[in-house]
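S.K.: Below is the file query.cif, with mmCIF, C-alpha atoms.
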```cif
data_input
loop_
_atom_site.group_PDB
_atom_site.id
_atom_site.type_symbol
_atom_site.label_atom_id
_atom_site.label_comp_id
_atom_site.auth_asym_id
_atom_site.auth_seq_id
_atom_site.Cartn_x
_atom_site.Cartn_y
_atom_site.Cartn_z
ATOM 1 C CA MET A 11 -2.141 9.243 21.579
ATOM 2 C CA GLN A 12 -2.332 9.592 25.351
ATOM 3 C CA GLN A 13 0.775 10.497 27.309
ATOM 4 C CA ASN A 14 1.110 10.263 31.080
ATOM 5 C CA ASN A 15 3.045 12.920 32.915
ATOM 6 C CA ASN A 16 4.947 10.580 35.197
ATOM 7 C CA LYS A 17 8.718 9.914 35.161
ATOM 8 C CA ASN A 18 8.536 7.083 32.664
ATOM 9 C CA PRO A 19 5.946 8.282 30.207
ATOM 10 C CA SER A 20 3.970 5.515 28.665
ATOM 11 C CA ILE A 21 2.117 6.130 25.472
ATOM 12 C CA SER A 22 -0.875 4.155 24.379
ATOM 13 C CA LEU A 23 -1.531 3.596 20.693
ATOM 14 C CA HIS A 24 -5.025 2.376 21.494
ATOM 15 C CA ASN A 25 -7.513 3.926 19.050
ATOM 16 C CA THR A 26 -4.686 5.771 17.275
ATOM 17 C CA HIS A 27 -4.544 5.355 13.510
ATOM 18 C CA VAL A 28 -0.989 4.056 13.473
ATOM 19 C CA LYS A 29 0.948 4.657 10.243
ATOM 20 C CA LEU A 30 2.667 1.382 9.474
ATOM 21 C CA LEU A 31 4.291 0.153 6.294
ATOM 22 C CA ALA A 32 2.769 -3.023 4.901
ATOM 23 C CA PHE A 33 5.739 -5.243 5.787
ATOM 24 C CA ASP A 34 5.482 -3.987 9.390
ATOM 25 C CA LEU A 35 1.727 -4.539 9.549
ATOM 26 C CA LEU A 36 2.008 -8.023 8.031
ATOM 27 C CA THR A 37 4.530 -9.049 10.703
ATOM 28 C CA LEU A 38 2.427 -7.961 13.701
ATOM 29 C CA THR A 39 2.012 -10.637 16.327
ATOM 30 C CA PRO A 40 -1.425 -12.242 15.944
ATOM 31 C CA PRO A 41 -3.802 -12.147 18.906
ATOM 32 C CA SER A 42 -4.051 -15.152 21.184
ATOM 33 C CA SER A 43 -7.850 -14.960 21.036
ATOM 34 C CA PRO A 44 -10.226 -13.292 18.524
ATOM 35 C CA ASP A 45 -11.246 -10.520 20.943
ATOM 36 C CA GLN A 46 -7.632 -9.434 21.539
ATOM 37 C CA PRO A 47 -5.728 -6.979 19.283
ATOM 38 C CA PHE A 48 -2.641 -7.613 17.171
ATOM 39 C CA THR A 49 0.548 -6.398 18.832
ATOM 40 C CA ARG A 50 3.796 -4.777 17.699
ATOM 41 C CA LYS A 51 6.668 -5.233 20.143
ATOM 42 C CA SER A 52 3.984 -6.178 22.711
ATOM 43 C CA ILE A 53 2.065 -2.909 22.070
ATOM 44 C CA PRO A 54 -1.576 -3.382 21.023
ATOM 45 C CA ILE A 55 -2.346 -2.001 17.569
ATOM 46 C CA THR A 56 -6.042 -1.501 16.905
ATOM 47 C CA ARG A 57 -6.250 1.069 14.106
ATOM 48 C CA LEU A 58 -4.177 1.763 11.024
ATOM 49 C CA GLU A 59 -3.615 4.384 8.369
ATOM 50 C CA THR A 60 -2.033 3.254 5.143
ATOM 51 C CA LEU A 61 -1.415 4.787 1.759
ATOM 52 C CA GLY A 62 -0.624 2.999 -1.457
ATOM 53 C CA THR A 63 -1.702 1.858 -4.883
ATOM 54 C CA ILE A 64 -4.841 -0.217 -5.180
ATOM 55 C CA THR A 65 -3.850 -3.355 -7.056
ATOM 56 C CA LEU A 66 -6.858 -5.647 -6.636
ATOM 57 C CA ARG A 67 -10.599 -5.154 -6.251
ATOM 58 C CA ASP A 68 -13.376 -7.649 -5.517
ATOM 59 C CA HIS A 69 -16.802 -6.026 -5.311
ATOM 60 C CA LYS A 70 -19.961 -7.747 -4.076
ATOM 61 C CA PRO A 71 -22.639 -5.033 -4.387
ATOM 62 C CA SER A 72 -24.532 -4.294 -1.157
ATOM 63 C CA LYS A 73 -22.267 -6.738 0.680
ATOM 64 C CA PHE A 74 -18.607 -5.781 0.654
ATOM 65 C CA LEU A 75 -15.689 -4.465 -1.343
ATOM 66 C CA ARG A 76 -12.392 -6.253 -0.799
ATOM 67 C CA PHE A 77 -9.251 -4.685 -2.133
ATOM 68 C CA SER A 78 -5.529 -4.716 -1.762
ATOM 69 C CA ILE A 79 -3.228 -1.747 -1.143
ATOM 70 C CA ASP A 80 0.381 -2.069 -2.305
ATOM 71 C CA ASP A 81 2.701 0.444 -0.602
ATOM 72 C CA GLY A 82 5.880 -0.982 -2.135
ATOM 73 C CA THR A 83 6.776 -3.049 0.937
ATOM 74 C CA GLY A 84 3.810 -5.419 0.818
ATOM 75 C CA CYS A 85 0.120 -5.753 0.046
ATOM 76 C CA ILE A 86 -2.446 -4.975 2.712
ATOM 77 C CA PRO A 87 -5.783 -6.784 2.415
ATOM 78 C CA CYS A 88 -8.689 -4.438 3.122
ATOM 79 C CA ILE A 89 -12.413 -4.930 3.447
ATOM 80 C CA LEU A 90 -15.038 -2.212 3.198
ATOM 81 C CA TRP A 91 -18.460 -3.396 4.351
ATOM 82 C CA LEU A 92 -21.382 -2.234 2.219
ATOM 83 C CA ASN A 93 -24.159 -4.141 3.999
ATOM 84 C CA HIS A 94 -25.321 -1.403 6.352
ATOM 85 C CA LEU A 95 -28.869 -1.312 4.986
ATOM 86 C CA THR A 96 -29.377 -5.078 5.175
ATOM 87 C CA SER A 97 -27.429 -6.101 8.259
ATOM 88 C CA PRO A 98 -29.634 -6.980 11.290
ATOM 89 C CA HIS A 99 -26.511 -6.642 13.463
ATOM 90 C CA ILE A 100 -26.061 -2.966 12.509
ATOM 91 C CA ALA A 101 -29.810 -2.281 12.659
ATOM 92 C CA ARG A 102 -29.876 -3.446 16.285
ATOM 93 C CA ARG A 103 -26.971 -1.192 17.310
ATOM 94 C CA ARG A 104 -27.560 2.010 15.309
ATOM 95 C CA SER A 105 -30.414 4.401 14.658
ATOM 96 C CA PRO A 106 -31.893 4.387 11.133
ATOM 97 C CA GLN A 107 -30.359 7.845 10.500
ATOM 98 C CA ASP A 108 -26.920 6.590 11.544
ATOM 99 C CA VAL A 109 -27.286 3.535 9.328
ATOM 100 C CA CYS A 110 -28.085 5.754 6.323
ATOM 101 C CA LEU A 111 -25.086 8.002 7.045
ATOM 102 C CA LEU A 112 -22.780 5.004 7.402
ATOM 103 C CA ALA A 113 -24.114 3.463 4.199
ATOM 104 C CA ASP A 114 -23.584 6.745 2.309
ATOM 105 C CA ALA A 115 -20.053 7.129 3.657
ATOM 106 C CA ALA A 116 -19.185 3.552 2.701
ATOM 107 C CA ALA A 117 -20.621 4.051 -0.800
ATOM 108 C CA ARG A 118 -18.522 7.215 -1.239
ATOM 109 C CA SER A 119 -15.409 5.358 -0.091
ATOM 110 C CA ALA A 120 -16.173 2.509 -2.495
ATOM 111 C CA GLU A 121 -16.227 4.949 -5.424
ATOM 112 C CA VAL A 122 -12.595 5.861 -4.712
ATOM 113 C CA VAL A 123 -11.411 2.258 -4.806
ATOM 114 C CA LYS A 124 -10.227 1.656 -8.380
ATOM 115 C CA VAL A 125 -7.308 -0.469 -9.500
ATOM 116 C CA GLY A 126 -4.355 1.819 -10.173
ATOM 117 C CA ALA A 127 -5.594 4.637 -7.934
ATOM 118 C CA VAL A 128 -3.555 5.808 -4.981
ATOM 119 C CA ALA A 129 -5.574 6.056 -1.786
ATOM 120 C CA ARG A 130 -5.198 6.754 1.903
ATOM 121 C CA VAL A 131 -7.112 4.176 3.906
ATOM 122 C CA ARG A 132 -8.016 4.199 7.572
ATOM 123 C CA GLY A 133 -9.569 1.377 9.489
ATOM 124 C CA ARG A 134 -9.443 -1.202 12.229
ATOM 125 C CA VAL A 135 -6.804 -3.905 12.308
ATOM 126 C CA THR A 136 -8.753 -7.155 12.285
ATOM 127 C CA VAL A 137 -8.168 -10.810 11.600
ATOM 128 C CA PHE A 138 -9.473 -12.871 8.683
ATOM 129 C CA LYS A 139 -8.604 -16.551 8.360
ATOM 130 C CA GLY A 140 -5.759 -16.075 10.832
ATOM 131 C CA SER A 141 -4.165 -13.193 8.936
ATOM 132 C CA VAL A 142 -4.242 -9.471 9.416
ATOM 133 C CA GLN A 143 -6.636 -7.337 7.384
ATOM 134 C CA VAL A 144 -7.941 -3.797 7.599
ATOM 135 C CA THR A 145 -11.663 -3.275 8.135
ATOM 136 C CA VAL A 146 -11.995 0.049 6.385
ATOM 137 C CA THR A 147 -13.703 3.095 7.867
ATOM 138 C CA ASP A 148 -12.735 5.609 5.188
ATOM 139 C CA VAL A 149 -10.880 5.897 1.905
ATOM 140 C CA VAL A 150 -9.571 9.121 0.393
ATOM 141 C CA GLY A 151 -8.063 9.373 -3.075
ATOM 142 C CA GLU A 152 -4.598 10.931 -3.295
ATOM 143 C CA ARG A 153 -3.663 13.036 -6.320
ATOM 144 C CA ASP A 154 -0.301 14.347 -5.116
ATOM 145 C CA PRO A 155 2.383 12.331 -6.978
ATOM 146 C CA ASN A 156 4.624 12.631 -3.900
ATOM 147 C CA ALA A 157 2.011 11.293 -1.453
ATOM 148 C CA GLU A 158 3.371 7.738 -1.349
ATOM 149 C CA VAL A 159 6.956 8.917 -0.826
ATOM 150 C CA LEU A 160 5.901 11.247 1.990
ATOM 151 C CA HIS A 161 3.959 8.381 3.567
ATOM 152 C CA TRP A 162 7.106 6.163 3.573
ATOM 153 C CA VAL A 163 9.070 8.936 5.289
ATOM 154 C CA ASP A 164 6.240 9.459 7.817
ATOM 155 C CA CYS A 165 6.103 5.744 8.608
ATOM 156 C CA VAL A 166 9.884 5.448 9.083
ATOM 157 C CA ASN A 167 9.960 8.580 11.253
ATOM 158 C CA LEU A 168 7.038 7.505 13.421
ATOM 159 C CA ALA A 169 8.400 3.983 13.864
ATOM 160 C CA ARG A 170 11.857 5.240 14.873
ATOM 161 C CA ASN A 171 10.822 8.176 17.022
ATOM 162 C CA CYS A 172 7.483 7.119 18.419
ATOM 163 C CA TYR A 173 6.199 3.557 17.997
ATOM 164 C CA ASN A 174 9.531 1.884 18.807
ATOM 165 C CA LEU A 175 9.761 3.948 22.001
ATOM 166 C CA VAL A 176 6.282 3.164 23.250
ATOM 167 C CA THR A 177 6.050 1.187 26.452
ATOM 168 C CA LEU A 178 3.018 -0.631 27.714
ATOM 169 C CA SER A 179 0.564 1.608 29.583
ATOM 170 C CA SER A 180 -0.247 0.509 33.078
ATOM 171 C CA MET B 17 -15.179 -14.806 0.500
ATOM 172 C CA ALA B 18 -12.391 -15.739 -1.844
ATOM 173 C CA SER B 19 -8.947 -14.735 -0.628
ATOM 174 C CA LEU B 20 -7.214 -11.888 -2.402
ATOM 175 C CA GLU B 21 -3.798 -12.864 -3.657
ATOM 176 C CA VAL B 22 -1.532 -10.423 -5.400
ATOM 177 C CA LYS B 23 2.184 -9.899 -5.062
ATOM 178 C CA SER B 24 3.576 -6.579 -3.979
ATOM 179 C CA GLY B 25 5.727 -4.833 -6.554
ATOM 180 C CA ALA B 26 9.192 -4.470 -5.045
ATOM 181 C CA LEU B 27 10.434 -0.894 -5.227
ATOM 182 C CA VAL B 28 13.359 -0.728 -7.625
ATOM 183 C CA SER B 29 15.232 1.836 -9.658
ATOM 184 C CA LEU B 30 15.904 1.047 -13.300
ATOM 185 C CA GLN B 31 19.587 0.689 -12.412
ATOM 186 C CA ASP B 32 18.571 -2.214 -10.136
ATOM 187 C CA LEU B 33 17.397 -4.119 -13.198
ATOM 188 C CA ARG B 34 20.722 -4.996 -14.761
ATOM 189 C CA PRO B 35 21.126 -8.736 -15.436
ATOM 190 C CA SER B 36 23.444 -9.138 -12.415
ATOM 191 C CA SER B 37 20.803 -7.728 -10.044
ATOM 192 C CA PRO B 38 18.875 -10.020 -7.644
ATOM 193 C CA PHE B 39 15.688 -8.353 -8.899
ATOM 194 C CA PHE B 40 16.404 -9.440 -12.493
ATOM 195 C CA LYS B 41 14.473 -12.706 -12.278
ATOM 196 C CA GLN B 42 11.686 -14.171 -14.358
ATOM 197 C CA GLY B 43 8.282 -13.260 -12.921
ATOM 198 C CA THR B 44 9.533 -10.921 -10.194
ATOM 199 C CA SER B 45 6.899 -8.373 -9.182
ATOM 200 C CA LEU B 46 8.333 -4.881 -9.413
ATOM 201 C CA ARG B 47 7.391 -1.247 -9.121
ATOM 202 C CA ILE B 48 9.392 1.075 -11.334
ATOM 203 C CA ILE B 49 9.372 4.740 -12.185
ATOM 204 C CA GLY B 50 10.768 6.503 -15.233
ATOM 205 C CA LYS B 51 10.276 9.051 -17.958
ATOM 206 C CA LEU B 52 8.430 7.861 -21.058
ATOM 207 C CA HIS B 53 10.896 7.864 -23.918
ATOM 208 C CA GLU B 54 8.925 6.026 -26.580
ATOM 209 C CA TYR B 55 5.452 4.569 -26.900
ATOM 210 C CA SER B 56 3.878 2.480 -29.612
ATOM 211 C CA PHE B 57 0.094 2.724 -29.754
ATOM 212 C CA GLU B 58 -0.023 -0.388 -31.995
ATOM 213 C CA THR B 59 1.939 -2.717 -29.712
ATOM 214 C CA GLY B 60 1.343 -0.988 -26.370
ATOM 215 C CA LEU B 61 5.072 -1.176 -25.769
ATOM 216 C CA ALA B 62 6.534 1.739 -23.816
ATOM 217 C CA THR B 63 10.153 2.551 -23.151
ATOM 218 C CA VAL B 64 10.972 4.363 -19.938
ATOM 219 C CA ILE B 65 14.298 5.847 -18.917
ATOM 220 C CA ASP B 66 15.920 6.957 -15.696
ATOM 221 C CA GLY B 67 19.320 8.538 -16.275
ATOM 222 C CA ASN B 68 21.230 6.107 -18.491
ATOM 223 C CA ASP B 69 19.023 3.147 -17.652
ATOM 224 C CA ILE B 70 16.184 2.017 -19.822
ATOM 225 C CA LEU B 71 13.341 -0.514 -19.563
ATOM 226 C CA LYS B 72 10.617 -1.726 -21.891
ATOM 227 C CA VAL B 73 7.131 -1.922 -20.423
ATOM 228 C CA ASN B 74 4.237 -3.822 -21.959
ATOM 229 C CA THR B 75 1.150 -1.693 -21.275
ATOM 230 C CA GLU B 76 -1.463 -3.684 -23.192
ATOM 231 C CA HIS B 77 -3.506 -4.261 -19.999
ATOM 232 C CA LEU B 78 -3.619 -0.576 -19.077
ATOM 233 C CA ARG B 79 -6.620 0.540 -21.098
ATOM 234 C CA ASP B 80 -7.463 3.713 -19.166
ATOM 235 C CA LEU B 81 -4.000 5.256 -19.162
ATOM 236 C CA SER B 82 -2.972 7.800 -21.778
ATOM 237 C CA PHE B 83 0.684 8.078 -22.677
ATOM 238 C CA GLN B 84 2.676 11.192 -23.372
ATOM 239 C CA VAL B 85 6.356 11.090 -24.240
ATOM 240 C CA GLY B 86 8.344 13.095 -21.679
ATOM 241 C CA SER B 87 5.917 12.442 -18.823
ATOM 242 C CA VAL B 88 6.900 10.400 -15.778
ATOM 243 C CA TYR B 89 5.075 7.110 -15.142
ATOM 244 C CA GLN B 90 5.007 4.537 -12.408
ATOM 245 C CA PHE B 91 4.271 0.908 -13.241
ATOM 246 C CA ILE B 92 3.680 -2.208 -11.167
ATOM 247 C CA GLY B 93 3.955 -5.560 -12.871
ATOM 248 C CA GLU B 94 5.941 -8.717 -13.460
ATOM 249 C CA LEU B 95 9.303 -8.944 -15.211
ATOM 250 C CA LEU B 96 9.427 -11.101 -18.306
ATOM 251 C CA ILE B 97 12.956 -11.980 -19.365
ATOM 252 C CA GLN B 98 13.104 -12.662 -23.073
ATOM 253 C CA HIS B 99 15.397 -15.049 -24.979
ATOM 254 C CA ASP B 100 17.871 -12.258 -25.673
ATOM 255 C CA ASN B 101 18.102 -11.638 -21.873
ATOM 256 C CA GLU B 102 16.192 -8.386 -22.182
ATOM 257 C CA GLY B 103 13.676 -7.670 -19.428
ATOM 258 C CA VAL B 104 10.195 -6.387 -20.250
ATOM 259 C CA LEU B 105 7.854 -5.368 -17.451
ATOM 260 C CA GLN B 106 4.327 -6.717 -17.971
ATOM 261 C CA ALA B 107 2.494 -3.840 -16.328
ATOM 262 C CA ARG B 108 -0.773 -4.513 -14.498
ATOM 263 C CA VAL B 109 -0.996 -1.068 -12.886
ATOM 264 C CA GLY B 110 0.285 2.269 -14.129
ATOM 265 C CA ARG B 111 -0.201 5.956 -13.556
ATOM 266 C CA ASN B 112 1.163 9.299 -14.592
ATOM 267 C CA VAL B 113 3.257 10.836 -11.797
ATOM 268 C CA ASP B 114 4.241 14.127 -13.416
ATOM 269 C CA GLY B 115 5.343 16.484 -10.648
ATOM 270 C CA ILE B 116 6.988 13.794 -8.543
ATOM 271 C CA ASP B 117 10.236 14.807 -6.866
ATOM 272 C CA LEU B 118 12.550 12.109 -8.236
ATOM 273 C CA ASN B 119 15.419 13.151 -5.982
ATOM 274 C CA LEU B 120 13.175 12.747 -2.917
ATOM 275 C CA TYR B 121 11.877 9.461 -4.351
ATOM 276 C CA HIS B 122 15.361 7.934 -4.724
ATOM 277 C CA GLN B 123 16.553 9.192 -1.338
ATOM 278 C CA SER B 124 13.400 7.909 0.372
ATOM 279 C CA LEU B 125 13.833 4.557 -1.356
ATOM 280 C CA LEU B 126 17.288 4.187 0.239
ATOM 281 C CA LEU B 127 15.888 5.230 3.636
ATOM 282 C CA LEU B 128 13.054 2.747 3.289
ATOM 283 C CA ARG B 129 15.368 -0.136 2.375
ATOM 284 C CA GLN B 130 17.663 0.645 5.303
ATOM 285 C CA PHE B 131 14.706 0.832 7.714
ATOM 286 C CA GLN B 132 13.222 -2.398 6.389
ATOM 287 C CA ALA B 133 16.550 -4.253 6.664
ATOM 288 C CA ASN B 134 17.107 -2.999 10.241
ATOM 289 C CA HIS B 135 13.565 -3.864 11.255
ATOM 290 C CA LEU B 136 13.793 -7.394 9.872
ATOM 291 C CA ASN B 137 17.237 -7.909 11.447
ATOM 292 C CA ASN B 138 15.933 -6.772 14.833
ATOM 293 C CA SER B 139 12.899 -9.022 14.512
ATOM 294 C CA ALA B 140 15.133 -11.998 13.710
ATOM 295 C CA ASN B 141 17.357 -11.401 16.772
#
```
As structure tokens - that is how I would like this structure written.

M.R.:
Amino acid sequence: MQQNNNKNPSISLHNTHVKLLAFDLLTLTPPSSPDQPFTRKSIPITRLETLGTITLRDHKPSKFLRFSIDDGTGCIPCILWLNHLTSPHIARRRSPQDVCLLADAAARSAEVVKVGAVARVRGRVTVFKGSVQVTVTDVVGERDPNAEVLHWVDCVNLARNCYNLVTLSS
Amino acid sequence: MASLEVKSGALVSLQDLRPSSPFFKQGTSLRIIGKLHEYSFETGLATVIDGNDILKVNTEHLRDLSFQVGSVYQFIGELLIQHDNEGVLQARVGRNVDGIDLNLYHQSLLLLRQFQANHLNNSAN
């Protein structure tokens, strides 16, 4: 988060992995055009961190892994791309070494995604068929039985004491 | 890509599942937590308790989960209300949560509900 040192500090959530509960994420205001971000109380939200139970998994090897995270307030649709080694789009933008690293990281994340597992997921907030989804950058398995509860408390705290107080950066 | 459709399991305590509760409806998706009181390997039927409240859970779809009486489990599934008005949760997801702080869980649940209600009220206004 960036904070200005002027009288009315404005905080930008741009590129911050915002911790939102599913019901909050699913009620973000959709962008007016595909290249614009979703907004929460007029504040752009581009990245998200969520934690919950994986309740659905749809795997297309070497293409993608779609899954759903249930945090108790809603289900967040997530997509983890697994097409790094075959995508001409990625090949044009990244070096071969980078592509291999990205492919390895995605494969490791995919191994964590199992129905019934609890995972912490980070990614970009994107749109699919007009609805919000998370394009996943990393997935970490959580073994602490209190992890979900602590995530709820974190989300409530951050919403009340940070995200709800954010004003638009100039 | 086919769309992924699954209902979220509403967070409830076992005491929220009395017949007068708004959650006590056929097919409602729920997430519950409780201590395993009984388990039948033959039928896959588990009984979980939380204080004085009790719920039967059908675990036949949970092949990878091992059950130990006295351990704490969390289940997500749909409520099936039988002819005798007894609710049985048809679990689709379950896990052992031994070590969970149940006091923190119940307090956080209240906090979460309050936050969610406030947020939705503010959004509506």

S.K.: Just to confirm, what's the straight-line distance from atom CA of A:Ser22 to atom CA of A:Val176 in Å (one decimal)?

M.R.: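 Between these atoms lies a distance of 7.3 Å.
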
S.K.: Compare A:Leu112, A:Leu90, A:Val142, A:Val166 by their minimum atom-to-atom distance to chain B, counting all atoms listed in the file, and give me the closest one.

M.R.: A:Val166

S.K.: For atom CA of B:Ile48 and atom CA of B:Gln90, quote the distance in Å rounded to one decimal.

M.R.: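 Pair atom CA of B:Ile48 / atom CA of B:Gln90 returns 5.7 Å.
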
S.K.: Take the PyMOL selection byres ((chain A) within 10 of (chain B)), run it mentally on this structure, and tell me the resulting residues as a PyMOL selection string.

M.R.: chain A and resi 31-34+37+51+63-68+70+74+76-88+125-128+138-139+153-163+165-167+169-170

S.K.: Running the PyMOL selection byres ((chain A and resi 57) around 6) on this model by hand, what would come out? Give it as a ChimeraX atom specification.

M.R.: /A:25-27,56,58,133-135

S.K.: Calculated over only C-alpha atoms, which of the candidates A:Leu75, A:Asn93, A:Thr49, A:Pro98 has the smallest distance to A:Glu121?

M.R.: A:Leu75

S.K.: So what do you get for atom CA of A:Pro41 versus atom CA of A:Leu61, distance-wise?

M.R.: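 Taking atom CA of A:Pro41 as the start and atom CA of A:Leu61 as the end point, the length is 24.2 Å.
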
S.K.: Using only C-alpha atoms, which of A:Tyr173, A:His94, A:Gly62, A:Gly151 sits nearest A:Gln107?

M.R.: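 Distance minimum relative to A:Gln107 lands on A:His94.
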
S.K.: Mind completing stretch 131-139 of chain B with all heavy atoms? Output as a PDB file, keeping the file's coordinate frame, please?

M.R.:
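Written output follows (rebuild_4.pdb):
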```pdb
ATOM      1  N   PHE B 131      15.632   1.033   6.598  1.00  0.00           N
ATOM      2  CA  PHE B 131      14.706   0.832   7.714  1.00  0.00           C
ATOM      3  C   PHE B 131      14.164  -0.598   7.711  1.00  0.00           C
ATOM      4  O   PHE B 131      14.101  -1.261   8.746  1.00  0.00           O
ATOM      5  CB  PHE B 131      13.554   1.839   7.601  1.00  0.00           C
ATOM      6  CG  PHE B 131      12.439   1.596   8.574  1.00  0.00           C
ATOM      7  CD1 PHE B 131      12.605   1.877   9.931  1.00  0.00           C
ATOM      8  CD2 PHE B 131      11.231   1.072   8.155  1.00  0.00           C
ATOM      9  CE1 PHE B 131      11.581   1.642  10.832  1.00  0.00           C
ATOM     10  CE2 PHE B 131      10.204   0.838   9.054  1.00  0.00           C
ATOM     11  CZ  PHE B 131      10.372   1.127  10.386  1.00  0.00           C
ATOM     12  N   GLN B 132      13.802  -1.055   6.521  1.00  0.00           N
ATOM     13  CA  GLN B 132      13.222  -2.398   6.389  1.00  0.00           C
ATOM     14  C   GLN B 132      14.248  -3.466   6.793  1.00  0.00           C
ATOM     15  O   GLN B 132      13.919  -4.413   7.512  1.00  0.00           O
ATOM     16  CB  GLN B 132      12.777  -2.603   4.942  1.00  0.00           C
ATOM     17  CG  GLN B 132      11.742  -3.687   4.766  1.00  0.00           C
ATOM     18  CD  GLN B 132      11.080  -3.638   3.400  1.00  0.00           C
ATOM     19  OE1 GLN B 132      11.336  -2.753   2.591  1.00  0.00           O
ATOM     20  NE2 GLN B 132      10.223  -4.602   3.132  1.00  0.00           N
ATOM     21  N   ALA B 133      15.490  -3.284   6.337  1.00  0.00           N
ATOM     22  CA  ALA B 133      16.550  -4.253   6.664  1.00  0.00           C
ATOM     23  C   ALA B 133      16.801  -4.267   8.171  1.00  0.00           C
ATOM     24  O   ALA B 133      16.896  -5.343   8.776  1.00  0.00           O
ATOM     25  CB  ALA B 133      17.828  -3.897   5.911  1.00  0.00           C
ATOM     26  N   ASN B 134      16.886  -3.091   8.795  1.00  0.00           N
ATOM     27  CA  ASN B 134      17.107  -2.999  10.241  1.00  0.00           C
ATOM     28  C   ASN B 134      15.968  -3.651  11.016  1.00  0.00           C
ATOM     29  O   ASN B 134      16.179  -4.380  11.970  1.00  0.00           O
ATOM     30  CB  ASN B 134      17.214  -1.530  10.697  1.00  0.00           C
ATOM     31  CG  ASN B 134      18.540  -0.926  10.313  1.00  0.00           C
ATOM     32  OD1 ASN B 134      19.467  -1.651   9.950  1.00  0.00           O
ATOM     33  ND2 ASN B 134      18.624   0.378  10.360  1.00  0.00           N
ATOM     34  N   HIS B 135      14.752  -3.351  10.572  1.00  0.00           N
ATOM     35  CA  HIS B 135      13.565  -3.864  11.255  1.00  0.00           C
ATOM     36  C   HIS B 135      13.541  -5.396  11.206  1.00  0.00           C
ATOM     37  O   HIS B 135      13.296  -6.059  12.210  1.00  0.00           O
ATOM     38  CB  HIS B 135      12.315  -3.295  10.587  1.00  0.00           C
ATOM     39  CG  HIS B 135      11.038  -3.662  11.276  1.00  0.00           C
ATOM     40  ND1 HIS B 135      10.500  -2.896  12.274  1.00  0.00           N
ATOM     41  CD2 HIS B 135      10.215  -4.725  11.129  1.00  0.00           C
ATOM     42  CE1 HIS B 135       9.385  -3.460  12.706  1.00  0.00           C
ATOM     43  NE2 HIS B 135       9.193  -4.579  12.020  1.00  0.00           N
ATOM     44  N   LEU B 136      13.837  -5.940  10.023  1.00  0.00           N
ATOM     45  CA  LEU B 136      13.793  -7.394   9.872  1.00  0.00           C
ATOM     46  C   LEU B 136      14.934  -8.056  10.642  1.00  0.00           C
ATOM     47  O   LEU B 136      14.764  -9.127  11.218  1.00  0.00           O
ATOM     48  CB  LEU B 136      13.811  -7.779   8.389  1.00  0.00           C
ATOM     49  CG  LEU B 136      12.573  -7.297   7.615  1.00  0.00           C
ATOM     50  CD1 LEU B 136      12.705  -7.578   6.133  1.00  0.00           C
ATOM     51  CD2 LEU B 136      11.295  -7.950   8.151  1.00  0.00           C
ATOM     52  N   ASN B 137      16.104  -7.389  10.662  1.00  0.00           N
ATOM     53  CA  ASN B 137      17.237  -7.909  11.447  1.00  0.00           C
ATOM     54  C   ASN B 137      16.901  -7.945  12.924  1.00  0.00           C
ATOM     55  O   ASN B 137      17.165  -8.928  13.607  1.00  0.00           O
ATOM     56  CB  ASN B 137      18.478  -7.019  11.262  1.00  0.00           C
ATOM     57  CG  ASN B 137      19.204  -7.374   9.987  1.00  0.00           C
ATOM     58  OD1 ASN B 137      18.963  -8.427   9.418  1.00  0.00           O
ATOM     59  ND2 ASN B 137      20.070  -6.484   9.547  1.00  0.00           N
ATOM     60  N   ASN B 138      16.296  -6.843  13.418  1.00  0.00           N
ATOM     61  CA  ASN B 138      15.933  -6.772  14.833  1.00  0.00           C
ATOM     62  C   ASN B 138      14.875  -7.809  15.192  1.00  0.00           C
ATOM     63  O   ASN B 138      14.885  -8.368  16.280  1.00  0.00           O
ATOM     64  CB  ASN B 138      15.423  -5.370  15.192  1.00  0.00           C
ATOM     65  CG  ASN B 138      16.543  -4.355  15.155  1.00  0.00           C
ATOM     66  OD1 ASN B 138      17.711  -4.721  15.195  1.00  0.00           O
ATOM     67  ND2 ASN B 138      16.197  -3.082  15.064  1.00  0.00           N
ATOM     68  N   SER B 139      13.956  -8.037  14.255  1.00  0.00           N
ATOM     69  CA  SER B 139      12.899  -9.022  14.512  1.00  0.00           C
ATOM     70  C   SER B 139      13.486 -10.422  14.591  1.00  0.00           C
ATOM     71  O   SER B 139      13.023 -11.271  15.352  1.00  0.00           O
ATOM     72  CB  SER B 139      11.850  -8.981  13.398  1.00  0.00           C
ATOM     73  OG  SER B 139      11.297  -7.711  13.325  1.00  0.00           O
TER      74      SER B 139
END
```
